[in-house]
Each structure stands twice: as C-alpha cells, then as structure tokens.
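With CSV, N, CA and C atoms inside, this is entry.csv:
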chain,number,residue,atom,x,y,z
A,1,MET,N,-55.6,-27.0,-14.6
A,1,MET,CA,-55.0,-26.4,-15.7
A,1,MET,C,-56.0,-25.9,-16.7
A,2,ASP,N,-55.8,-24.8,-17.3
A,2,ASP,CA,-56.7,-24.2,-18.3
A,2,ASP,C,-56.7,-25.0,-19.6
A,3,GLU,N,-57.8,-24.8,-20.4
A,3,GLU,CA,-57.9,-25.6,-21.6
A,3,GLU,C,-56.8,-25.3,-22.6
A,4,LEU,N,-56.4,-24.1,-22.8
A,4,LEU,CA,-55.4,-23.8,-23.8
A,4,LEU,C,-54.1,-24.4,-23.4
A,5,SER,N,-53.8,-24.4,-22.1
A,5,SER,CA,-52.5,-25.1,-21.7
A,5,SER,C,-52.6,-26.6,-22.0
A,6,LEU,N,-53.7,-27.2,-21.7
A,6,LEU,CA,-53.9,-28.6,-22.0
A,6,LEU,C,-53.7,-28.9,-23.5
A,7,VAL,N,-54.4,-28.1,-24.4
A,7,VAL,CA,-54.3,-28.2,-25.8
A,7,VAL,C,-52.8,-28.1,-26.3
A,8,PHE,N,-52.2,-27.0,-25.9
A,8,PHE,CA,-50.8,-26.8,-26.4
A,8,PHE,C,-49.9,-27.8,-25.8
A,9,GLY,N,-50.1,-28.3,-24.6
A,9,GLY,CA,-49.3,-29.4,-24.0
A,9,GLY,C,-49.5,-30.6,-24.8
A,10,ALA,N,-50.7,-30.9,-25.2
A,10,ALA,CA,-51.0,-32.1,-26.0
A,10,ALA,C,-50.3,-32.0,-27.4
A,11,LEU,N,-50.4,-30.8,-28.0
A,11,LEU,CA,-49.8,-30.6,-29.3
A,11,LEU,C,-48.3,-30.5,-29.3
A,12,ALA,N,-47.7,-30.5,-28.1
A,12,ALA,CA,-46.2,-30.3,-28.0
A,12,ALA,C,-45.5,-31.6,-28.5
A,13,ASP,N,-46.2,-32.7,-28.5
A,13,ASP,CA,-45.6,-34.0,-28.8
A,13,ASP,C,-45.8,-34.4,-30.2
A,14,PRO,N,-44.8,-34.7,-31.0
A,14,PRO,CA,-45.0,-35.1,-32.4
A,14,PRO,C,-45.8,-36.3,-32.7
A,15,THR,N,-45.8,-37.3,-31.8
A,15,THR,CA,-46.6,-38.5,-31.9
A,15,THR,C,-48.1,-38.1,-31.8
A,16,ARG,N,-48.4,-37.2,-30.9
A,16,ARG,CA,-49.8,-36.8,-30.7
A,16,ARG,C,-50.3,-35.9,-31.9
A,17,ARG,N,-49.4,-35.1,-32.4
A,17,ARG,CA,-49.7,-34.3,-33.6
A,17,ARG,C,-50.0,-35.2,-34.8
A,18,ALA,N,-49.2,-36.3,-34.9
A,18,ALA,CA,-49.4,-37.2,-36.0
A,18,ALA,C,-50.7,-38.0,-35.9
A,19,ILE,N,-51.0,-38.4,-34.7
A,19,ILE,CA,-52.3,-39.0,-34.4
A,19,ILE,C,-53.5,-38.1,-34.8
A,20,LEU,N,-53.4,-36.9,-34.4
A,20,LEU,CA,-54.5,-35.9,-34.8
A,20,LEU,C,-54.5,-35.7,-36.3
A,21,ALA,N,-53.4,-35.6,-36.9
A,21,ALA,CA,-53.4,-35.5,-38.4
A,21,ALA,C,-54.1,-36.7,-39.1
A,22,ARG,N,-53.8,-37.9,-38.6
A,22,ARG,CA,-54.4,-39.1,-39.1
A,22,ARG,C,-55.9,-39.0,-38.9
A,23,LEU,N,-56.4,-38.5,-37.7
A,23,LEU,CA,-57.8,-38.5,-37.4
A,23,LEU,C,-58.5,-37.5,-38.3
A,24,THR,N,-57.8,-36.5,-38.9
A,24,THR,CA,-58.5,-35.6,-39.7
A,24,THR,C,-59.0,-36.3,-41.0
A,25,GLN,N,-58.5,-37.5,-41.3
A,25,GLN,CA,-59.0,-38.3,-42.4
A,25,GLN,C,-60.2,-39.1,-42.1
A,26,GLY,N,-60.5,-39.2,-40.8
A,26,GLY,CA,-61.7,-40.0,-40.4
A,26,GLY,C,-61.4,-40.8,-39.2
A,27,GLU,N,-62.4,-41.4,-38.6
A,27,GLU,CA,-62.3,-42.2,-37.4
A,27,GLU,C,-61.3,-43.3,-37.6
A,28,ALA,N,-60.6,-43.7,-36.5
A,28,ALA,CA,-59.7,-44.8,-36.6
A,28,ALA,C,-59.6,-45.5,-35.2
A,29,THR,N,-59.4,-46.8,-35.2
A,29,THR,CA,-59.3,-47.5,-33.9
A,29,THR,C,-57.9,-47.3,-33.4
A,30,VAL,N,-57.7,-47.6,-32.1
A,30,VAL,CA,-56.4,-47.5,-31.4
A,30,VAL,C,-55.4,-48.3,-32.2
A,31,ALA,N,-55.7,-49.5,-32.6
A,31,ALA,CA,-54.8,-50.4,-33.4
A,31,ALA,C,-54.4,-49.7,-34.7
A,32,GLU,N,-55.3,-49.1,-35.4
A,32,GLU,CA,-55.0,-48.4,-36.6
A,32,GLU,C,-54.1,-47.2,-36.4
A,33,LEU,N,-54.4,-46.5,-35.3
A,33,LEU,CA,-53.6,-45.3,-35.0
A,33,LEU,C,-52.1,-45.7,-34.6
A,34,ALA,N,-52.0,-46.9,-34.0
A,34,ALA,CA,-50.7,-47.4,-33.5
A,34,ALA,C,-49.8,-47.8,-34.7
A,35,LYS,N,-50.4,-48.3,-35.8
A,35,LYS,CA,-49.6,-48.9,-36.9
A,35,LYS,C,-48.3,-48.1,-37.3
A,36,PRO,N,-48.4,-46.8,-37.6
A,36,PRO,CA,-47.2,-46.2,-38.1
A,36,PRO,C,-46.1,-45.9,-37.1
A,37,PHE,N,-46.4,-46.2,-35.8
A,37,PHE,CA,-45.4,-45.9,-34.8
A,37,PHE,C,-44.7,-47.1,-34.2
A,38,SER,N,-43.5,-47.0,-33.9
A,38,SER,CA,-42.8,-48.1,-33.3
A,38,SER,C,-42.8,-48.0,-31.7
A,39,ILE,N,-44.1,-47.9,-31.3
A,39,ILE,CA,-44.3,-47.8,-29.8
A,39,ILE,C,-45.4,-48.8,-29.5
A,40,SER,N,-45.5,-49.2,-28.3
A,40,SER,CA,-46.5,-50.2,-27.9
A,40,SER,C,-47.9,-49.6,-27.9
A,41,LEU,N,-48.9,-50.5,-27.9
A,41,LEU,CA,-50.3,-50.1,-27.8
A,41,LEU,C,-50.6,-49.3,-26.5
A,42,PRO,N,-50.0,-49.8,-25.3
A,42,PRO,CA,-50.2,-49.0,-24.1
A,42,PRO,C,-49.6,-47.6,-24.2
A,43,ALA,N,-48.5,-47.4,-24.9
A,43,ALA,CA,-48.0,-46.1,-25.1
A,43,ALA,C,-48.9,-45.2,-26.0
A,44,VAL,N,-49.4,-45.8,-27.0
A,44,VAL,CA,-50.4,-45.1,-27.9
A,44,VAL,C,-51.6,-44.7,-27.1
A,45,SER,N,-52.1,-45.6,-26.2
A,45,SER,CA,-53.2,-45.3,-25.4
A,45,SER,C,-53.0,-44.2,-24.4
A,46,LYS,N,-51.7,-44.1,-23.9
A,46,LYS,CA,-51.4,-42.9,-23.1
A,46,LYS,C,-51.4,-41.6,-23.9
A,47,HIS,N,-51.0,-41.6,-25.1
A,47,HIS,CA,-51.0,-40.4,-26.0
A,47,HIS,C,-52.5,-40.1,-26.2
A,48,LEU,N,-53.3,-41.1,-26.5
A,48,LEU,CA,-54.7,-40.8,-26.7
A,48,LEU,C,-55.4,-40.2,-25.5
A,49,LYS,N,-55.0,-40.7,-24.3
A,49,LYS,CA,-55.6,-40.1,-23.1
A,49,LYS,C,-55.2,-38.7,-22.9
A,50,VAL,N,-54.0,-38.3,-23.2
A,50,VAL,CA,-53.6,-36.9,-23.2
A,50,VAL,C,-54.4,-36.1,-24.1
A,51,LEU,N,-54.6,-36.6,-25.4
A,51,LEU,CA,-55.4,-35.9,-26.4
A,51,LEU,C,-56.9,-35.8,-25.9
A,52,GLU,N,-57.4,-36.8,-25.3
A,52,GLU,CA,-58.8,-36.8,-24.8
A,52,GLU,C,-58.9,-35.9,-23.7
A,53,THR,N,-58.0,-35.8,-22.7
A,53,THR,CA,-58.0,-34.9,-21.6
A,53,THR,C,-58.0,-33.5,-22.1
A,54,ALA,N,-57.3,-33.2,-23.2
A,54,ALA,CA,-57.3,-31.8,-23.7
A,54,ALA,C,-58.5,-31.5,-24.6
A,55,GLY,N,-59.4,-32.5,-24.7
A,55,GLY,CA,-60.6,-32.3,-25.5
A,55,GLY,C,-60.4,-32.4,-27.0
A,56,LEU,N,-59.2,-32.9,-27.5
A,56,LEU,CA,-58.9,-32.9,-28.9
A,56,LEU,C,-59.4,-34.2,-29.6
A,57,LEU,N,-59.8,-35.2,-28.8
A,57,LEU,CA,-60.4,-36.4,-29.5
A,57,LEU,C,-61.5,-37.0,-28.6
A,58,LYS,N,-62.3,-37.8,-29.2
A,58,LYS,CA,-63.4,-38.5,-28.5
A,58,LYS,C,-63.2,-40.0,-28.9
A,59,GLN,N,-63.4,-40.9,-27.9
A,59,GLN,CA,-63.4,-42.3,-28.1
A,59,GLN,C,-64.8,-42.9,-27.8
A,60,ARG,N,-65.2,-43.9,-28.6
A,60,ARG,CA,-66.4,-44.6,-28.3
A,60,ARG,C,-66.1,-46.1,-28.3
A,61,VAL,N,-67.0,-46.8,-27.7
A,61,VAL,CA,-66.8,-48.3,-27.6
A,61,VAL,C,-67.7,-48.9,-28.7
A,62,VAL,N,-67.1,-49.7,-29.6
A,62,VAL,CA,-67.9,-50.5,-30.5
A,62,VAL,C,-67.4,-51.9,-30.5
A,63,ALA,N,-68.2,-52.8,-29.9
A,63,ALA,CA,-67.8,-54.2,-29.7
A,63,ALA,C,-66.4,-54.2,-29.0
A,64,GLN,N,-65.4,-54.7,-29.6
A,64,GLN,CA,-64.1,-54.8,-29.0
A,64,GLN,C,-63.1,-53.7,-29.4
A,65,THR,N,-63.6,-52.7,-30.1
A,65,THR,CA,-62.8,-51.6,-30.6
A,65,THR,C,-63.1,-50.3,-29.9
A,66,ARG,N,-62.2,-49.4,-30.0
A,66,ARG,CA,-62.5,-48.0,-29.5
A,66,ARG,C,-62.1,-47.0,-30.6
A,67,PRO,N,-63.1,-46.8,-31.5
A,67,PRO,CA,-62.8,-45.8,-32.6
A,67,PRO,C,-62.6,-44.4,-32.0
A,68,CYS,N,-61.7,-43.7,-32.5
A,68,CYS,CA,-61.4,-42.3,-32.1
A,68,CYS,C,-61.8,-41.3,-33.2
A,69,ARG,N,-62.2,-40.1,-32.8
A,69,ARG,CA,-62.4,-39.1,-33.8
A,69,ARG,C,-61.9,-37.8,-33.2
A,70,VAL,N,-61.4,-36.9,-34.1
A,70,VAL,CA,-60.9,-35.6,-33.7
A,70,VAL,C,-62.0,-34.7,-33.3
A,71,GLU,N,-61.8,-33.8,-32.3
A,71,GLU,CA,-62.7,-32.8,-31.9
A,71,GLU,C,-62.1,-31.5,-32.3
A,72,GLY,N,-62.8,-30.7,-33.2
A,72,GLY,CA,-62.2,-29.5,-33.7
A,72,GLY,C,-62.2,-28.3,-32.9
A,73,GLU,N,-63.2,-28.2,-32.0
A,73,GLU,CA,-63.4,-26.9,-31.2
A,73,GLU,C,-62.2,-26.5,-30.4
A,74,PRO,N,-61.5,-27.4,-29.7
A,74,PRO,CA,-60.4,-26.9,-28.9
A,74,PRO,C,-59.2,-26.4,-29.9
A,75,LEU,N,-59.1,-27.1,-31.0
A,75,LEU,CA,-58.1,-26.6,-32.0
A,75,LEU,C,-58.4,-25.2,-32.5
A,76,LYS,N,-59.7,-25.0,-32.7
A,76,LYS,CA,-60.1,-23.7,-33.2
A,76,LYS,C,-59.8,-22.6,-32.2
A,77,ARG,N,-60.1,-22.9,-30.9
A,77,ARG,CA,-59.7,-21.9,-29.9
A,77,ARG,C,-58.2,-21.7,-29.8
A,78,ALA,N,-57.4,-22.7,-30.0
A,78,ALA,CA,-56.0,-22.5,-30.0
A,78,ALA,C,-55.5,-21.7,-31.2
A,79,ALA,N,-56.1,-22.0,-32.3
A,79,ALA,CA,-55.8,-21.2,-33.6
A,79,ALA,C,-56.2,-19.8,-33.4
A,80,ASP,N,-57.4,-19.5,-32.8
A,80,ASP,CA,-57.8,-18.2,-32.5
A,80,ASP,C,-56.8,-17.4,-31.6
A,81,TYR,N,-56.3,-18.1,-30.6
A,81,TYR,CA,-55.4,-17.5,-29.7
A,81,TYR,C,-54.1,-17.1,-30.5
A,82,VAL,N,-53.6,-18.0,-31.3
A,82,VAL,CA,-52.3,-17.8,-32.0
A,82,VAL,C,-52.6,-16.7,-33.0
A,83,GLU,N,-53.8,-16.7,-33.7
A,83,GLU,CA,-54.1,-15.6,-34.7
A,83,GLU,C,-54.1,-14.2,-34.1
A,84,MET,N,-54.3,-14.1,-32.8
A,84,MET,CA,-54.3,-12.8,-32.1
A,84,MET,C,-52.9,-12.2,-32.2
A,85,PHE,N,-51.9,-12.9,-32.5
A,85,PHE,CA,-50.5,-12.4,-32.6
A,85,PHE,C,-50.1,-12.0,-34.0
A,86,ARG,N,-51.0,-12.3,-35.0
A,86,ARG,CA,-50.7,-12.0,-36.3
A,86,ARG,C,-50.3,-10.6,-36.6
A,87,PRO,N,-51.0,-9.6,-36.1
A,87,PRO,CA,-50.6,-8.2,-36.3
A,87,PRO,C,-49.2,-7.9,-35.9
A,88,PHE,N,-48.8,-8.5,-34.7
A,88,PHE,CA,-47.5,-8.3,-34.2
A,88,PHE,C,-46.4,-8.8,-35.2
A,89,TRP,N,-46.6,-10.1,-35.6
A,89,TRP,CA,-45.7,-10.7,-36.6
A,89,TRP,C,-45.7,-10.0,-37.9
A,90,ASP,N,-46.9,-9.6,-38.4
A,90,ASP,CA,-47.0,-9.0,-39.7
A,90,ASP,C,-46.1,-7.7,-39.7
A,91,ASP,N,-46.3,-6.9,-38.5
A,91,ASP,CA,-45.5,-5.7,-38.4
A,91,ASP,C,-44.0,-6.0,-38.4
A,92,ARG,N,-43.6,-7.0,-37.7
A,92,ARG,CA,-42.2,-7.4,-37.6
A,92,ARG,C,-41.6,-7.7,-39.0
A,93,PHE,N,-42.4,-8.5,-39.7
A,93,PHE,CA,-42.0,-9.0,-41.0
A,93,PHE,C,-41.9,-7.8,-42.0
A,94,ASP,N,-42.9,-6.9,-41.9
A,94,ASP,CA,-42.9,-5.7,-42.8
A,94,ASP,C,-41.7,-4.8,-42.5
A,95,ARG,N,-41.3,-4.7,-41.2
A,95,ARG,CA,-40.1,-3.9,-40.9
A,95,ARG,C,-38.9,-4.6,-41.4
A,96,LEU,N,-38.8,-5.9,-41.3
A,96,LEU,CA,-37.7,-6.6,-41.8
A,96,LEU,C,-37.6,-6.5,-43.3
A,97,ALA,N,-38.7,-6.6,-44.0
A,97,ALA,CA,-38.7,-6.5,-45.5
A,97,ALA,C,-38.2,-5.1,-45.8
A,98,GLY,N,-38.6,-4.0,-45.1
A,98,GLY,CA,-38.2,-2.7,-45.4
A,98,GLY,C,-36.7,-2.6,-45.2
A,99,TYR,N,-36.2,-3.1,-44.1
A,99,TYR,CA,-34.7,-3.1,-43.8
A,99,TYR,C,-33.9,-3.8,-44.9
A,100,LEU,N,-34.4,-4.9,-45.3
A,100,LEU,CA,-33.7,-5.7,-46.4
A,100,LEU,C,-33.7,-4.9,-47.7
A,101,GLU,N,-34.8,-4.2,-48.0
A,101,GLU,CA,-34.8,-3.3,-49.2
A,101,GLU,C,-33.8,-2.2,-49.1
A,102,GLU,N,-33.7,-1.6,-47.9
A,102,GLU,CA,-32.7,-0.6,-47.7
A,102,GLU,C,-31.3,-1.1,-47.9
A,103,LEU,N,-31.0,-2.3,-47.4
A,103,LEU,CA,-29.7,-2.9,-47.6
A,103,LEU,C,-29.4,-3.2,-49.1
A,104,LYS,N,-30.4,-3.7,-49.7
A,104,LYS,CA,-30.3,-4.0,-51.2
A,104,LYS,C,-30.0,-2.7,-51.9
A,105,ALA,N,-30.7,-1.6,-51.6
A,105,ALA,CA,-30.5,-0.3,-52.3
A,105,ALA,C,-29.1,0.2,-52.0
A,106,GLN,N,-28.6,0.1,-50.8
A,106,GLN,CA,-27.3,0.5,-50.4
A,106,GLN,C,-26.2,-0.3,-51.2
A,107,ASP,N,-26.5,-1.6,-51.3
A,107,ASP,CA,-25.6,-2.5,-52.0
A,107,ASP,C,-25.5,-2.1,-53.5
A,108,GLN,N,-26.6,-1.8,-54.1
A,108,GLN,CA,-26.7,-1.4,-55.5
A,108,GLN,C,-26.0,-0.1,-55.7
A,109,GLU,N,-26.0,0.8,-54.7
A,109,GLU,CA,-25.3,2.1,-54.8
A,109,GLU,C,-23.8,1.9,-54.8
A,110,HIS,N,-23.3,0.9,-54.2
A,110,HIS,CA,-21.9,0.7,-54.0
A,110,HIS,C,-21.3,-0.1,-55.2
A,111,GLU,N,-22.2,-0.6,-56.1
A,111,GLU,CA,-21.7,-1.4,-57.2
A,111,GLU,C,-21.0,-0.6,-58.3

Let me see the file written as structure tokens.
Amino acid sequence: MDELSLVFGALADPTRRAILARLTQGEATVAELAKPFSISLPAVSKHLKVLETAGLLKQRVVAQTRPCRVEGEPLKRAADYVEMFRPFWDDRFDRLAGYLEELKAQDQEHE
C-alpha cells in the first residue's frame, strides 16, 4: 500500500486523530495516551501500531515505558496532496458566491 493511503487510512479513525493531536503537545507514554479513552491498553497499542505503520509516530523504549512522538513529514505530504485541490474548491466557492449574489439581487428587485 502506498504511503498516502496508509496516512489517510490512519487518519480516518477519530481515536487515532485524537492521539496525534495529543502528541503535538509533546511526547507521551502509551499509558498517558490511553487515559482519555474508554478503551483498553491493547486497543490503544493497536491504534499506535497503525499510526506507526503509516509513519505518523515513532516509539522508543525508556526503561519500562514506550514514549511516543509525532512524525510530521507524512502529515506534510498528506497536506500537500490535499492542497493540490484548493484551486478546484476555490473556483467552486467563487461560482457559488456569484450565484448567491445573483439570487440576492433578484430578490431585492422583487421587493
């Protein structure tokens, strides 16, 4: 599977997005990452494995803990991919704004 598919697949889950959001504040252990969720540590570990496979986080071993940190480069590549579509959506929104202005003008003419 290609990298973008792995990244977008990992980001498709709200728990994994919340984990990444937490990691933007700094390193955290698996136990710390699990606290806000009502899921088991093994379930959190599975989410972390998906994020790690997608390249979105790195884990290291420190004594009995496994601190995790976010890896930004795959997110940047995903953002760059999405950004490629901005001209398309800007054009669509500009046309919609123009159409709404036409409707508003027509409505004012009929008042």

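Coordinates place CA of Gln59 (chain A) at a distance of 9.1 Å from atom C of Thr29 (chain A).
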
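Comparing the minimum interatomic distances between Thr15 (chain A) and each of A:His47, A:Ala63, A:Val30, A:Lys58, counting only N, CA and C atoms, we find that A:His47 sits nearest.
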
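The coordinates place CA of Ala78 (chain A) at 15.6 Å from CA of Arg16 (chain A).
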
**CA of Glu71 (chain A) to atom C of Leu57 (chain A), distance in Å rounded to a single decimal** = 5.5 Å

**Prompt:** Which residues, written as a list in words, have at least one atom at most 10 Å from Arg22 (chain A), with only C-alpha atoms counted and residues fewer than 6 positions away on the same chain left out?
**Reply:** Arg16, Ala28, Glu32, Leu33, Arg69 and Val70 of chain A
